[in-house]
$ cat run36.cif   # mmCIF, C-alpha atoms
data_target
loop_
_atom_site.label_atom_id
_atom_site.label_comp_id
_atom_site.auth_asym_id
_atom_site.auth_seq_id
_atom_site.Cartn_x
_atom_site.Cartn_y
_atom_site.Cartn_z
CA MET A 1213 -31.17 12.90 34.62
CA LYS A 1214 -29.81 9.41 35.06
CA GLU A 1215 -26.73 8.85 37.16
CA SER A 1216 -23.92 6.47 36.36
CA PRO A 1217 -23.49 3.43 38.61
CA ALA A 1218 -21.56 4.28 41.75
CA ALA A 1219 -17.86 3.46 41.79
CA PRO A 1220 -15.43 3.72 44.72
CA PRO A 1221 -14.12 7.30 44.97
CA GLY A 1222 -10.92 7.86 43.04
CA THR A 1223 -10.98 4.63 41.05
CA LEU A 1224 -10.48 4.72 37.28
CA SER A 1225 -13.68 3.28 35.81
CA PHE A 1226 -15.01 3.26 32.24
CA SER A 1227 -17.65 5.80 33.25
CA ARG A 1228 -14.98 8.20 34.55
CA LEU A 1229 -12.96 7.83 31.35
CA ARG A 1230 -16.11 8.69 29.40
CA ALA A 1231 -16.64 11.73 31.62
CA VAL A 1232 -13.06 12.94 31.05
CA SER A 1233 -13.39 12.50 27.27
CA ALA A 1234 -16.77 14.26 27.20
CA VAL A 1235 -15.50 17.29 29.14
CA ALA A 1236 -12.44 17.51 26.88
CA GLN A 1237 -14.67 17.33 23.81
CA GLU A 1238 -17.38 19.76 24.99
CA GLY A 1239 -15.33 22.21 27.04
CA SER A 1240 -17.60 22.30 30.11
CA PHE A 1241 -19.17 20.07 32.72
CA SER A 1242 -22.68 21.13 31.68
CA ALA A 1243 -22.20 20.31 28.00
CA ALA A 1244 -20.52 16.99 28.87
CA ALA A 1245 -23.46 16.16 31.16
CA ARG A 1246 -25.92 16.78 28.32
CA LEU A 1247 -23.85 14.64 25.97
CA LEU A 1248 -23.77 11.69 28.37
CA GLY A 1249 -27.26 12.12 29.81
CA LEU A 1250 -25.94 12.69 33.35
CA SER A 1251 -26.22 15.55 35.82
CA HIS A 1252 -23.69 18.38 36.08
CA SER A 1253 -22.82 17.28 39.61
CA ALA A 1254 -22.17 13.68 38.53
CA ILE A 1255 -19.66 14.80 35.89
CA SER A 1256 -17.85 17.29 38.12
CA GLN A 1257 -17.69 14.75 40.97
CA GLN A 1258 -16.06 12.13 38.76
CA ILE A 1259 -13.42 14.58 37.53
CA ASN A 1260 -12.75 15.92 41.04
CA ASP A 1261 -12.43 12.39 42.47
CA LEU A 1262 -9.81 11.45 39.86
CA GLU A 1263 -7.79 14.62 40.32
CA ALA A 1264 -7.83 14.26 44.12
CA ARG A 1265 -7.02 10.53 44.15
CA PHE A 1266 -4.04 10.73 41.78
CA GLY A 1267 -2.88 14.26 42.58
CA VAL A 1268 -3.14 15.44 38.96
CA ARG A 1269 -4.79 18.26 37.05
CA LEU A 1270 -6.89 17.20 34.09
CA PHE A 1271 -8.28 20.58 32.93
CA GLU A 1272 -7.24 24.23 32.86
CA ARG A 1273 -9.89 26.94 32.64
CA VAL A 1274 -9.09 29.36 29.81
CA GLY A 1275 -11.53 32.06 28.74
CA GLY A 1276 -14.47 30.38 30.44
CA ALA A 1277 -13.84 26.97 28.84
CA LEU A 1278 -12.11 23.87 30.19
CA HIS A 1279 -9.04 22.82 28.19
CA PRO A 1280 -7.45 19.37 28.66
CA THR A 1281 -3.92 19.15 30.03
CA PRO A 1282 -1.37 16.96 28.16
CA LEU A 1283 -2.04 14.18 30.70
CA CYS A 1284 -5.77 14.48 30.03
CA VAL A 1285 -5.20 14.19 26.26
CA GLU A 1286 -3.47 10.85 26.83
CA LEU A 1287 -6.42 9.65 28.91
CA CYS A 1288 -8.82 10.76 26.18
CA ASP A 1289 -6.95 8.63 23.64
CA ILE A 1290 -7.49 5.62 25.89
CA GLY A 1291 -11.11 6.64 26.40
CA THR A 1292 -11.62 6.63 22.62
CA ARG A 1293 -10.32 3.07 22.41
CA VAL A 1294 -12.57 2.05 25.29
CA GLY A 1295 -15.54 3.57 23.49
CA GLU A 1296 -14.70 1.61 20.35
CA ALA A 1297 -14.48 -1.59 22.39
CA GLU A 1298 -17.90 -0.89 23.92
CA ARG A 1299 -19.38 -0.37 20.44
CA ASP A 1300 -17.82 -3.65 19.32
CA ALA A 1301 -19.40 -5.41 22.29
CA LEU A 1302 -22.78 -3.85 21.48
CA ARG A 1303 -22.59 -5.07 17.87
CA ILE A 1304 -21.90 -8.61 19.13
CA LEU A 1305 -24.95 -8.43 21.40
CA GLN A 1306 -27.09 -7.08 18.55
CA ARG A 1307 -26.30 -10.14 16.43
CA ARG A 1308 -28.94 -11.99 18.46
CA ASP A 1309 -32.63 -11.21 18.73
CA ALA A 1310 -34.75 -11.54 21.90
CA THR A 1311 -35.14 -15.30 21.34
CA GLY A 1312 -31.40 -15.84 20.95
CA ARG A 1313 -31.52 -16.41 17.20
CA PRO A 1314 -28.68 -14.95 15.08
CA ARG A 1315 -29.74 -11.55 13.69
CA LEU A 1316 -28.48 -9.86 10.53
CA ARG A 1317 -29.09 -6.15 9.92
CA VAL A 1318 -29.47 -5.34 6.22
CA GLY A 1319 -29.68 -1.93 4.52
CA LEU A 1320 -31.46 -1.58 1.17
CA GLY A 1321 -31.66 1.35 -1.20
CA ASN A 1322 -34.18 -0.55 -3.36
CA SER A 1323 -36.47 -3.39 -2.35
CA MET A 1324 -35.04 -5.56 -5.09
CA PRO A 1325 -32.75 -7.34 -5.54
CA GLY A 1326 -31.98 -7.05 -1.81
CA ILE A 1327 -35.22 -8.63 -0.57
CA ALA A 1328 -34.71 -11.58 -2.92
CA ILE A 1329 -31.25 -12.13 -1.43
CA VAL A 1330 -32.68 -11.82 2.11
CA GLY A 1331 -35.28 -14.44 1.18
CA GLN A 1332 -32.58 -16.77 -0.07
CA VAL A 1333 -30.60 -16.38 3.17
CA MET A 1334 -33.70 -17.17 5.24
CA ARG A 1335 -34.61 -20.21 3.14
CA GLN A 1336 -31.10 -21.62 3.43
CA HIS A 1337 -30.74 -20.75 7.14
CA PRO A 1338 -34.20 -20.75 8.83
CA THR A 1339 -32.77 -19.87 12.25
CA VAL A 1340 -31.42 -16.50 11.09
CA SER A 1341 -33.46 -13.41 12.00
CA VAL A 1342 -33.16 -10.42 9.63
CA ASN A 1343 -33.86 -6.73 10.22
CA VAL A 1344 -34.18 -4.65 7.03
CA GLU A 1345 -33.65 -0.88 6.93
CA SER A 1346 -34.67 0.95 3.75
CA GLY A 1347 -33.66 4.45 2.72
CA SER A 1348 -31.97 6.63 0.16
CA HIS A 1349 -28.53 5.82 -1.22
CA GLN A 1350 -27.02 8.38 1.14
CA ASP A 1351 -28.94 7.10 4.18
CA ILE A 1352 -27.90 3.47 3.68
CA LEU A 1353 -24.27 4.34 2.97
CA SER A 1354 -24.16 6.36 6.20
CA ALA A 1355 -25.79 3.50 8.14
CA VAL A 1356 -23.05 1.11 7.01
CA LEU A 1357 -20.30 3.57 7.93
CA ARG A 1358 -21.88 4.07 11.38
CA ARG A 1359 -22.16 0.25 11.72
CA GLU A 1360 -25.93 0.54 12.18
CA VAL A 1361 -26.40 -2.17 9.55
CA ASP A 1362 -24.10 -5.13 8.93
CA VAL A 1363 -24.41 -5.40 5.16
CA ALA A 1364 -26.20 -3.46 2.43
CA VAL A 1365 -27.18 -3.50 -1.24
CA LEU A 1366 -26.90 -0.33 -3.36
CA PRO A 1367 -26.47 0.61 -7.01
CA ASP A 1368 -23.63 2.81 -8.27
CA LEU A 1369 -21.49 2.52 -5.12
CA PRO A 1370 -18.27 4.58 -5.41
CA ALA A 1371 -14.97 2.73 -5.19
CA ASP A 1372 -13.81 2.83 -1.58
CA ARG A 1373 -11.20 0.68 0.16
CA ARG A 1374 -13.21 0.78 3.36
CA PHE A 1375 -15.71 -1.63 1.80
CA ARG A 1376 -15.75 -5.30 0.94
CA ARG A 1377 -18.05 -5.60 -2.06
CA ALA A 1378 -19.45 -8.02 -4.65
CA ARG A 1379 -21.46 -7.32 -7.80
CA VAL A 1380 -25.03 -8.66 -7.86
CA ILE A 1381 -26.51 -7.35 -11.14
CA SER A 1382 -26.10 -4.54 -13.67
CA GLN A 1383 -29.06 -2.27 -14.32
CA GLU A 1384 -30.08 1.15 -15.59
CA VAL A 1385 -32.60 3.81 -14.60
CA VAL A 1386 -35.87 3.68 -16.57
CA ALA A 1387 -38.99 5.83 -16.78
CA ILE A 1388 -42.14 4.31 -15.29
CA VAL A 1389 -45.66 5.12 -16.48
CA SER A 1390 -49.13 4.05 -15.40
CA ALA A 1391 -50.67 0.97 -16.99
CA ASP A 1392 -53.22 3.07 -18.93
CA SER A 1393 -50.68 5.60 -20.26
CA PRO A 1394 -50.29 5.85 -24.06
CA MET A 1395 -46.55 5.47 -23.46
CA THR A 1396 -46.98 1.81 -22.47
CA LYS A 1397 -46.81 0.97 -26.18
CA ARG A 1398 -43.41 2.66 -26.47
CA ASP A 1399 -40.09 0.84 -26.08
CA GLN A 1400 -38.25 4.06 -25.28
CA VAL A 1401 -38.75 7.77 -24.73
CA THR A 1402 -36.43 10.80 -25.03
CA LEU A 1403 -35.61 13.35 -22.35
CA ALA A 1404 -37.07 16.12 -24.50
CA GLU A 1405 -40.40 14.29 -24.55
CA LEU A 1406 -40.26 13.65 -20.82
CA ALA A 1407 -39.54 17.32 -20.08
CA GLU A 1408 -42.98 18.18 -21.52
CA LEU A 1409 -44.79 15.74 -19.22
CA PRO A 1410 -45.72 15.94 -15.50
CA LEU A 1411 -42.77 14.33 -13.71
CA ILE A 1412 -42.29 12.73 -10.31
CA PHE A 1413 -38.81 13.12 -8.80
CA ARG A 1414 -37.10 11.61 -5.78
CA SER A 1415 -35.75 13.81 -2.99
CA HIS A 1416 -32.08 14.63 -2.36
CA GLY A 1417 -29.80 11.68 -1.66
CA SER A 1418 -31.47 9.29 -4.10
CA SER A 1419 -29.15 7.45 -6.50
CA THR A 1420 -32.01 7.33 -9.03
CA GLN A 1421 -32.47 11.08 -8.93
CA LYS A 1422 -28.74 11.69 -9.36
CA VAL A 1423 -28.87 9.82 -12.67
CA VAL A 1424 -32.01 11.69 -13.77
CA ASP A 1425 -30.62 15.13 -12.84
CA ARG A 1426 -27.29 14.44 -14.54
CA ALA A 1427 -28.98 13.37 -17.78
CA PHE A 1428 -31.32 16.37 -17.92
CA ARG A 1429 -28.40 18.76 -17.29
CA ALA A 1430 -26.36 17.15 -20.05
CA ALA A 1431 -29.32 17.59 -22.43
CA GLY A 1432 -29.66 21.27 -21.49
CA LEU A 1433 -33.07 20.69 -19.90
CA ALA A 1434 -34.33 21.75 -16.46
CA PRO A 1435 -37.87 20.40 -15.95
CA GLU A 1436 -39.70 21.15 -12.71
CA PRO A 1437 -41.31 18.09 -11.09
CA ARG A 1438 -45.01 17.99 -10.45
CA LEU A 1439 -44.33 15.97 -7.29
CA THR A 1440 -41.22 15.15 -5.25
CA ALA A 1441 -41.30 11.99 -3.09
CA ASP A 1442 -38.88 10.70 -0.46
CA SER A 1443 -39.18 7.00 -1.31
CA ARG A 1444 -39.33 4.71 -4.31
CA ASP A 1445 -42.63 3.27 -3.09
CA ALA A 1446 -44.20 6.74 -3.01
CA VAL A 1447 -43.01 7.38 -6.58
CA TYR A 1448 -44.38 4.00 -7.68
CA GLU A 1449 -47.82 4.64 -6.16
CA ALA A 1450 -48.01 8.17 -7.58
CA VAL A 1451 -47.22 6.82 -11.06
CA ALA A 1452 -49.78 4.02 -10.66
CA LEU A 1453 -52.41 6.68 -9.86
CA GLY A 1454 -51.58 8.60 -13.03
CA ILE A 1455 -50.08 11.66 -11.33
CA GLY A 1456 -47.07 11.69 -13.63
CA VAL A 1457 -44.04 9.88 -15.01
CA GLY A 1458 -41.49 8.64 -12.48
CA PHE A 1459 -38.10 6.99 -12.54
CA MET A 1460 -36.56 3.94 -10.88
CA TRP A 1461 -33.81 1.38 -11.31
CA ARG A 1462 -35.04 -1.30 -13.70
CA PHE A 1463 -34.78 -4.04 -11.05
CA GLY A 1464 -35.86 -1.75 -8.18
CA THR A 1465 -39.01 -3.78 -7.52
CA TYR A 1466 -40.49 -7.18 -8.30
CA ARG A 1467 -43.86 -5.58 -9.04
CA SER A 1468 -45.01 -4.96 -12.60
CA ASP A 1469 -48.78 -4.96 -12.04
CA THR A 1470 -49.67 -1.27 -12.23
CA VAL A 1471 -46.73 0.46 -13.93
CA ARG A 1472 -44.71 -0.11 -17.08
CA ARG A 1473 -40.99 0.44 -17.58
CA VAL A 1474 -39.85 2.52 -20.58
CA GLN A 1475 -36.20 2.83 -21.58
CA VAL A 1476 -34.55 6.27 -21.71
CA PRO A 1477 -31.42 5.91 -23.92
CA GLU A 1478 -29.94 9.23 -22.70
CA PHE A 1479 -29.59 7.86 -19.19
CA GLY A 1480 -26.54 6.04 -20.50
CA SER A 1481 -24.98 2.72 -19.65
CA THR A 1482 -25.85 0.34 -16.84
CA VAL A 1483 -24.30 0.46 -13.38
CA ASP A 1484 -23.57 -2.34 -10.96
CA GLU A 1485 -25.78 -3.07 -7.97
CA VAL A 1486 -23.48 -4.38 -5.26
CA VAL A 1487 -23.65 -6.00 -1.86
CA PHE A 1488 -21.12 -4.43 0.50
CA ALA A 1489 -19.98 -4.25 4.10
CA LEU A 1490 -17.14 -2.61 5.97
CA ALA A 1491 -13.89 -4.40 5.13
CA ASP A 1492 -13.02 -4.88 8.81
CA GLU A 1493 -16.48 -6.24 9.69
CA ARG A 1494 -16.18 -10.01 9.34
CA ASN A 1495 -18.59 -12.57 10.75
CA ALA A 1496 -20.51 -15.64 9.63
CA LEU A 1497 -23.80 -13.79 9.08
CA ILE A 1498 -22.26 -11.28 6.68
CA ASP A 1499 -20.56 -14.16 4.84
CA LEU A 1500 -23.97 -15.86 4.50
CA PHE A 1501 -25.38 -12.77 2.81
CA PHE A 1502 -22.42 -12.45 0.42
CA ASN A 1503 -22.72 -16.14 -0.48
CA ALA A 1504 -26.45 -15.75 -1.19
CA ALA A 1505 -25.75 -12.69 -3.34
CA GLU A 1506 -23.20 -14.63 -5.40
CA GLN A 1507 -25.83 -17.33 -6.05
CA PHE A 1508 -28.53 -14.80 -6.97
CA GLN A 1509 -29.95 -15.14 -10.51
CA PRO A 1510 -32.03 -12.07 -11.42
CA GLU A 1511 -33.64 -13.62 -14.47
CA ALA A 1512 -35.21 -16.26 -12.19
CA LYS A 1513 -36.41 -13.74 -9.60
CA LEU A 1514 -37.42 -10.56 -11.44
CA ARG A 1515 -40.09 -9.82 -14.01
CA LEU A 1516 -39.14 -6.95 -16.32
#
$ encode --input "run36.cif" --output "structure tokens"
Amino acid sequence: MKESPAAPPGTLSFSRLRAVSAVAQEGSFSAAARLLGLSHSAISQQINDLEARFGVRLFERVGGALHPTPLCVELCDIGTRVGEAERDALRILQRRDATGRPRLRVGLGNSMPGIAIVGQVMRQHPTVSVNVESGSHQDILSAVLRREVDVAVLPDLPADRRFRRARVISQEVVAIVSADSPMTKRDQVTLAELAELPLIFRSHGSSTQKVVDRAFRAAGLAPEPRLTADSRDAVYEAVALGIGVGFMWRFGTYRSDTVRRVQVPEFGSTVDEVVFALADERNALIDLFFNAAEQFQPEAKLRL
């Protein structure tokens, strides 16, 4: 295991504050060592040094577990703030790539319209480097909350005061069929008709699948999918190969070469696709993305 950098015995360093907080959280030196990636002896030594230097007791052993004293609880509160400051510093460092260019981390539930907005940012500001993380609605929402991405684009985002947000487009979920399917001549299809066909569903956490499941339940139908895929791209390719009928947000991709979109009236009204970031996360790169999103014109970028 790695050891923390040496500090003079008895001094109050960031590493020792982390050790105190970890022991208080985990209840033992061993568990705290695993949490921090240090050895048992390194953790116990840091705690013992502090107690000896300042003549205090930080933990009481009760029933085989270490419980923080009131003094220790106060130190843990400070340790939490120190940890938050370290995470803030890390985010600042991550705003630059290895060449020193500004870097923006973007989370996307669907490729479009997010990629089009990314492209607009990069055309307007060629020195900006962009990292894109794709995933389910749930994955991207969690990444924003954990500050693993700076800004994201998702459809049907719940109202939440933690987020700064701006509408990009309104869209609905549609059925997608292969280019040689007889349904390509149809403008719309009913859920009852779809329930009789081989279907391709998305896995749990997909905003698309939530809409599909809700509509089938409301219609009193419970079709079993022929295939369940964990990404929109996998659904798209399976549909293109003729495996079954899938579902996606109408503007979920720029591509229209191998599948056709068919409206499903029972899916209901459109929802907003929004760009959003944490309300307390303010910097010039995030502002650039919001500005590009406000200028975005879907009719000029997307083929239906």
$ resolve_selection --input "run36.cif" --expression "the PyMOL selection byres ((chain A and resi 1398) around 12)" --output "JSON, numbers by chain"
{"A": [1387, 1388, 1389, 1393, 1394, 1395, 1396, 1397, 1399, 1400, 1401, 1402, 1472, 1473, 1474, 1475, 1476]}
$ residues_around --input "run36.cif" --residues "region 1224-1230 of chain A" --least-positions-apart "4" --cutoff "8 Å" --atoms "all atoms listed in the file" --output "list in words"
Ser1216, Ala1219, Ala1234, Gln1258, Ile1259, Leu1262, Leu1287, Cys1288, Gly1291, Val1294 and Gly1295 of chain A
$ residues_around --input "run36.cif" --residues "region 1494-1509 of chain A" --least-positions-apart "3" --cutoff "12 Å" --atoms "all atoms listed in the file" --output "tab-separated table (two decimals) with C-alpha atoms, keeping the file's coordinate frame"
chain	number	residue	atom	x	y	z
A	1300	ASP	CA	-17.82	-3.65	19.32
A	1303	ARG	CA	-22.59	-5.07	17.87
A	1304	ILE	CA	-21.90	-8.61	19.13
A	1307	ARG	CA	-26.30	-10.14	16.43
A	1308	ARG	CA	-28.94	-11.99	18.46
A	1313	ARG	CA	-31.52	-16.41	17.20
A	1314	PRO	CA	-28.68	-14.95	15.08
A	1315	ARG	CA	-29.74	-11.55	13.69
A	1316	LEU	CA	-28.48	-9.86	10.53
A	1317	ARG	CA	-29.09	-6.15	9.92
A	1318	VAL	CA	-29.47	-5.34	6.22
A	1319	GLY	CA	-29.68	-1.93	4.52
A	1324	MET	CA	-35.04	-5.56	-5.09
A	1325	PRO	CA	-32.75	-7.34	-5.54
A	1326	GLY	CA	-31.98	-7.05	-1.81
A	1327	ILE	CA	-35.22	-8.63	-0.57
A	1328	ALA	CA	-34.71	-11.58	-2.92
A	1329	ILE	CA	-31.25	-12.13	-1.43
A	1330	VAL	CA	-32.68	-11.82	2.11
A	1331	GLY	CA	-35.28	-14.44	1.18
A	1332	GLN	CA	-32.58	-16.77	-0.07
A	1333	VAL	CA	-30.60	-16.38	3.17
A	1334	MET	CA	-33.70	-17.17	5.24
A	1335	ARG	CA	-34.61	-20.21	3.14
A	1336	GLN	CA	-31.10	-21.62	3.43
A	1337	HIS	CA	-30.74	-20.75	7.14
A	1339	THR	CA	-32.77	-19.87	12.25
A	1340	VAL	CA	-31.42	-16.50	11.09
A	1341	SER	CA	-33.46	-13.41	12.00
A	1342	VAL	CA	-33.16	-10.42	9.63
A	1361	VAL	CA	-26.40	-2.17	9.55
A	1362	ASP	CA	-24.10	-5.13	8.93
A	1363	VAL	CA	-24.41	-5.40	5.16
A	1364	ALA	CA	-26.20	-3.46	2.43
A	1365	VAL	CA	-27.18	-3.50	-1.24
A	1375	PHE	CA	-15.71	-1.63	1.80
A	1376	ARG	CA	-15.75	-5.30	0.94
A	1377	ARG	CA	-18.05	-5.60	-2.06
A	1378	ALA	CA	-19.45	-8.02	-4.65
A	1379	ARG	CA	-21.46	-7.32	-7.80
A	1380	VAL	CA	-25.03	-8.66	-7.86
A	1381	ILE	CA	-26.51	-7.35	-11.14
A	1382	SER	CA	-26.10	-4.54	-13.67
A	1485	GLU	CA	-25.78	-3.07	-7.97
A	1486	VAL	CA	-23.48	-4.38	-5.26
A	1487	VAL	CA	-23.65	-6.00	-1.86
A	1488	PHE	CA	-21.12	-4.43	0.50
A	1489	ALA	CA	-19.98	-4.25	4.10
A	1490	LEU	CA	-17.14	-2.61	5.97
A	1491	ALA	CA	-13.89	-4.40	5.13
A	1512	ALA	CA	-35.21	-16.26	-12.19
A	1513	LYS	CA	-36.41	-13.74	-9.60
A	1514	LEU	CA	-37.42	-10.56	-11.44
A	1515	ARG	CA	-40.09	-9.82	-14.01
$ residues_around --input "run36.cif" --residues "region 1417-1424 of chain A" --least-positions-apart "2" --cutoff "6 Å" --atoms "only C-alpha atoms" --output "mmCIF file with C-alpha atoms, in the coordinates of the input"
data_model
loop_
_atom_site.group_PDB
_atom_site.id
_atom_site.type_symbol
_atom_site.label_atom_id
_atom_site.label_comp_id
_atom_site.auth_asym_id
_atom_site.auth_seq_id
_atom_site.Cartn_x
_atom_site.Cartn_y
_atom_site.Cartn_z
ATOM 1 C CA SER A 1348 -31.970 6.630 0.160
ATOM 2 C CA HIS A 1349 -28.530 5.820 -1.220
ATOM 3 C CA GLN A 1350 -27.020 8.380 1.140
ATOM 4 C CA ARG A 1414 -37.100 11.610 -5.780
ATOM 5 C CA ARG A 1426 -27.290 14.440 -14.540
ATOM 6 C CA ALA A 1427 -28.980 13.370 -17.780
ATOM 7 C CA MET A 1460 -36.560 3.940 -10.880
#
$ atom_distance --input "run36.cif" --atom1 "CA of Arg1359 (chain A)" --atom2 "CA of Arg1374 (chain A)"
12.3 Å
$ atom_distance --input "run36.cif" --atom1 "CA of Gly1276 (chain A)" --atom2 "CA of Glu1238 (chain A)"
12.3 Å
$ atom_distance --input "run36.cif" --atom1 "CA of Val1451 (chain A)" --atom2 "CA of Leu1406 (chain A)"
13.8 Å
$ build_atoms --input "run36.cif" --residues "region 1328-1336 of chain A" --atoms "all heavy atoms" --output "PDB file, in the coordinates of the input"
ATOM      1  N   ALA A1328     -34.861 -10.221  -2.376  1.00  0.00           N
ATOM      2  CA  ALA A1328     -34.710 -11.580  -2.920  1.00  0.00           C
ATOM      3  C   ALA A1328     -33.507 -12.280  -2.292  1.00  0.00           C
ATOM      4  O   ALA A1328     -33.562 -13.480  -1.987  1.00  0.00           O
ATOM      5  CB  ALA A1328     -34.546 -11.521  -4.438  1.00  0.00           C
ATOM      6  N   ILE A1329     -32.427 -11.538  -2.058  1.00  0.00           N
ATOM      7  CA  ILE A1329     -31.250 -12.130  -1.430  1.00  0.00           C
ATOM      8  C   ILE A1329     -31.545 -12.455   0.038  1.00  0.00           C
ATOM      9  O   ILE A1329     -31.160 -13.517   0.546  1.00  0.00           O
ATOM     10  CB  ILE A1329     -30.042 -11.166  -1.542  1.00  0.00           C
ATOM     11  CG1 ILE A1329     -29.703 -10.930  -3.014  1.00  0.00           C
ATOM     12  CG2 ILE A1329     -28.828 -11.738  -0.802  1.00  0.00           C
ATOM     13  CD1 ILE A1329     -28.676  -9.837  -3.230  1.00  0.00           C
ATOM     14  N   VAL A1330     -32.256 -11.545   0.727  1.00  0.00           N
ATOM     15  CA  VAL A1330     -32.680 -11.820   2.110  1.00  0.00           C
ATOM     16  C   VAL A1330     -33.502 -13.102   2.166  1.00  0.00           C
ATOM     17  O   VAL A1330     -33.301 -13.963   3.035  1.00  0.00           O
ATOM     18  CB  VAL A1330     -33.487 -10.633   2.679  1.00  0.00           C
ATOM     19  CG1 VAL A1330     -34.192 -11.035   3.980  1.00  0.00           C
ATOM     20  CG2 VAL A1330     -32.580  -9.441   2.926  1.00  0.00           C
ATOM     21  N   GLY A1331     -34.438 -13.239   1.216  1.00  0.00           N
ATOM     22  CA  GLY A1331     -35.280 -14.440   1.180  1.00  0.00           C
ATOM     23  C   GLY A1331     -34.464 -15.702   0.990  1.00  0.00           C
ATOM     24  O   GLY A1331     -34.745 -16.737   1.610  1.00  0.00           O
ATOM     25  N   GLN A1332     -33.427 -15.601   0.166  1.00  0.00           N
ATOM     26  CA  GLN A1332     -32.580 -16.770  -0.070  1.00  0.00           C
ATOM     27  C   GLN A1332     -31.805 -17.138   1.190  1.00  0.00           C
ATOM     28  O   GLN A1332     -31.669 -18.325   1.531  1.00  0.00           O
ATOM     29  CB  GLN A1332     -31.609 -16.474  -1.219  1.00  0.00           C
ATOM     30  CG  GLN A1332     -30.842 -17.689  -1.709  1.00  0.00           C
ATOM     31  CD  GLN A1332     -30.270 -17.449  -3.098  1.00  0.00           C
ATOM     32  OE1 GLN A1332     -30.892 -16.831  -3.946  1.00  0.00           O
ATOM     33  NE2 GLN A1332     -29.064 -17.941  -3.322  1.00  0.00           N
ATOM     34  N   VAL A1333     -31.306 -16.124   1.906  1.00  0.00           N
ATOM     35  CA  VAL A1333     -30.600 -16.380   3.170  1.00  0.00           C
ATOM     36  C   VAL A1333     -31.527 -17.083   4.153  1.00  0.00           C
ATOM     37  O   VAL A1333     -31.149 -18.068   4.800  1.00  0.00           O
ATOM     38  CB  VAL A1333     -30.097 -15.049   3.780  1.00  0.00           C
ATOM     39  CG1 VAL A1333     -29.625 -15.259   5.226  1.00  0.00           C
ATOM     40  CG2 VAL A1333     -28.954 -14.478   2.955  1.00  0.00           C
ATOM     41  N   MET A1334     -32.767 -16.616   4.256  1.00  0.00           N
ATOM     42  CA  MET A1334     -33.700 -17.170   5.240  1.00  0.00           C
ATOM     43  C   MET A1334     -34.160 -18.571   4.858  1.00  0.00           C
ATOM     44  O   MET A1334     -34.414 -19.402   5.732  1.00  0.00           O
ATOM     45  CB  MET A1334     -34.878 -16.218   5.415  1.00  0.00           C
ATOM     46  CG  MET A1334     -34.454 -14.849   5.942  1.00  0.00           C
ATOM     47  SD  MET A1334     -35.822 -13.698   6.213  1.00  0.00           S
ATOM     48  CE  MET A1334     -36.518 -14.371   7.732  1.00  0.00           C
ATOM     49  N   ARG A1335     -34.256 -18.844   3.562  1.00  0.00           N
ATOM     50  CA  ARG A1335     -34.610 -20.210   3.140  1.00  0.00           C
ATOM     51  C   ARG A1335     -33.478 -21.187   3.441  1.00  0.00           C
ATOM     52  O   ARG A1335     -33.704 -22.322   3.868  1.00  0.00           O
ATOM     53  CB  ARG A1335     -34.942 -20.230   1.644  1.00  0.00           C
ATOM     54  CG  ARG A1335     -36.314 -19.655   1.296  1.00  0.00           C
ATOM     55  CD  ARG A1335     -36.681 -19.951  -0.144  1.00  0.00           C
ATOM     56  NE  ARG A1335     -35.754 -19.333  -1.083  1.00  0.00           N
ATOM     57  CZ  ARG A1335     -35.878 -18.091  -1.537  1.00  0.00           C
ATOM     58  NH1 ARG A1335     -36.876 -17.324  -1.122  1.00  0.00           N
ATOM     59  NH2 ARG A1335     -35.007 -17.600  -2.397  1.00  0.00           N
ATOM     60  N   GLN A1336     -32.249 -20.748   3.212  1.00  0.00           N
ATOM     61  CA  GLN A1336     -31.100 -21.620   3.430  1.00  0.00           C
ATOM     62  C   GLN A1336     -30.758 -21.770   4.905  1.00  0.00           C
ATOM     63  O   GLN A1336     -30.198 -22.787   5.319  1.00  0.00           O
ATOM     64  CB  GLN A1336     -29.889 -21.081   2.662  1.00  0.00           C
ATOM     65  CG  GLN A1336     -30.047 -21.126   1.147  1.00  0.00           C
ATOM     66  CD  GLN A1336     -28.878 -20.481   0.426  1.00  0.00           C
ATOM     67  OE1 GLN A1336     -28.067 -19.779   1.036  1.00  0.00           O
ATOM     68  NE2 GLN A1336     -28.781 -20.701  -0.873  1.00  0.00           N
TER      69      GLN A1336
END
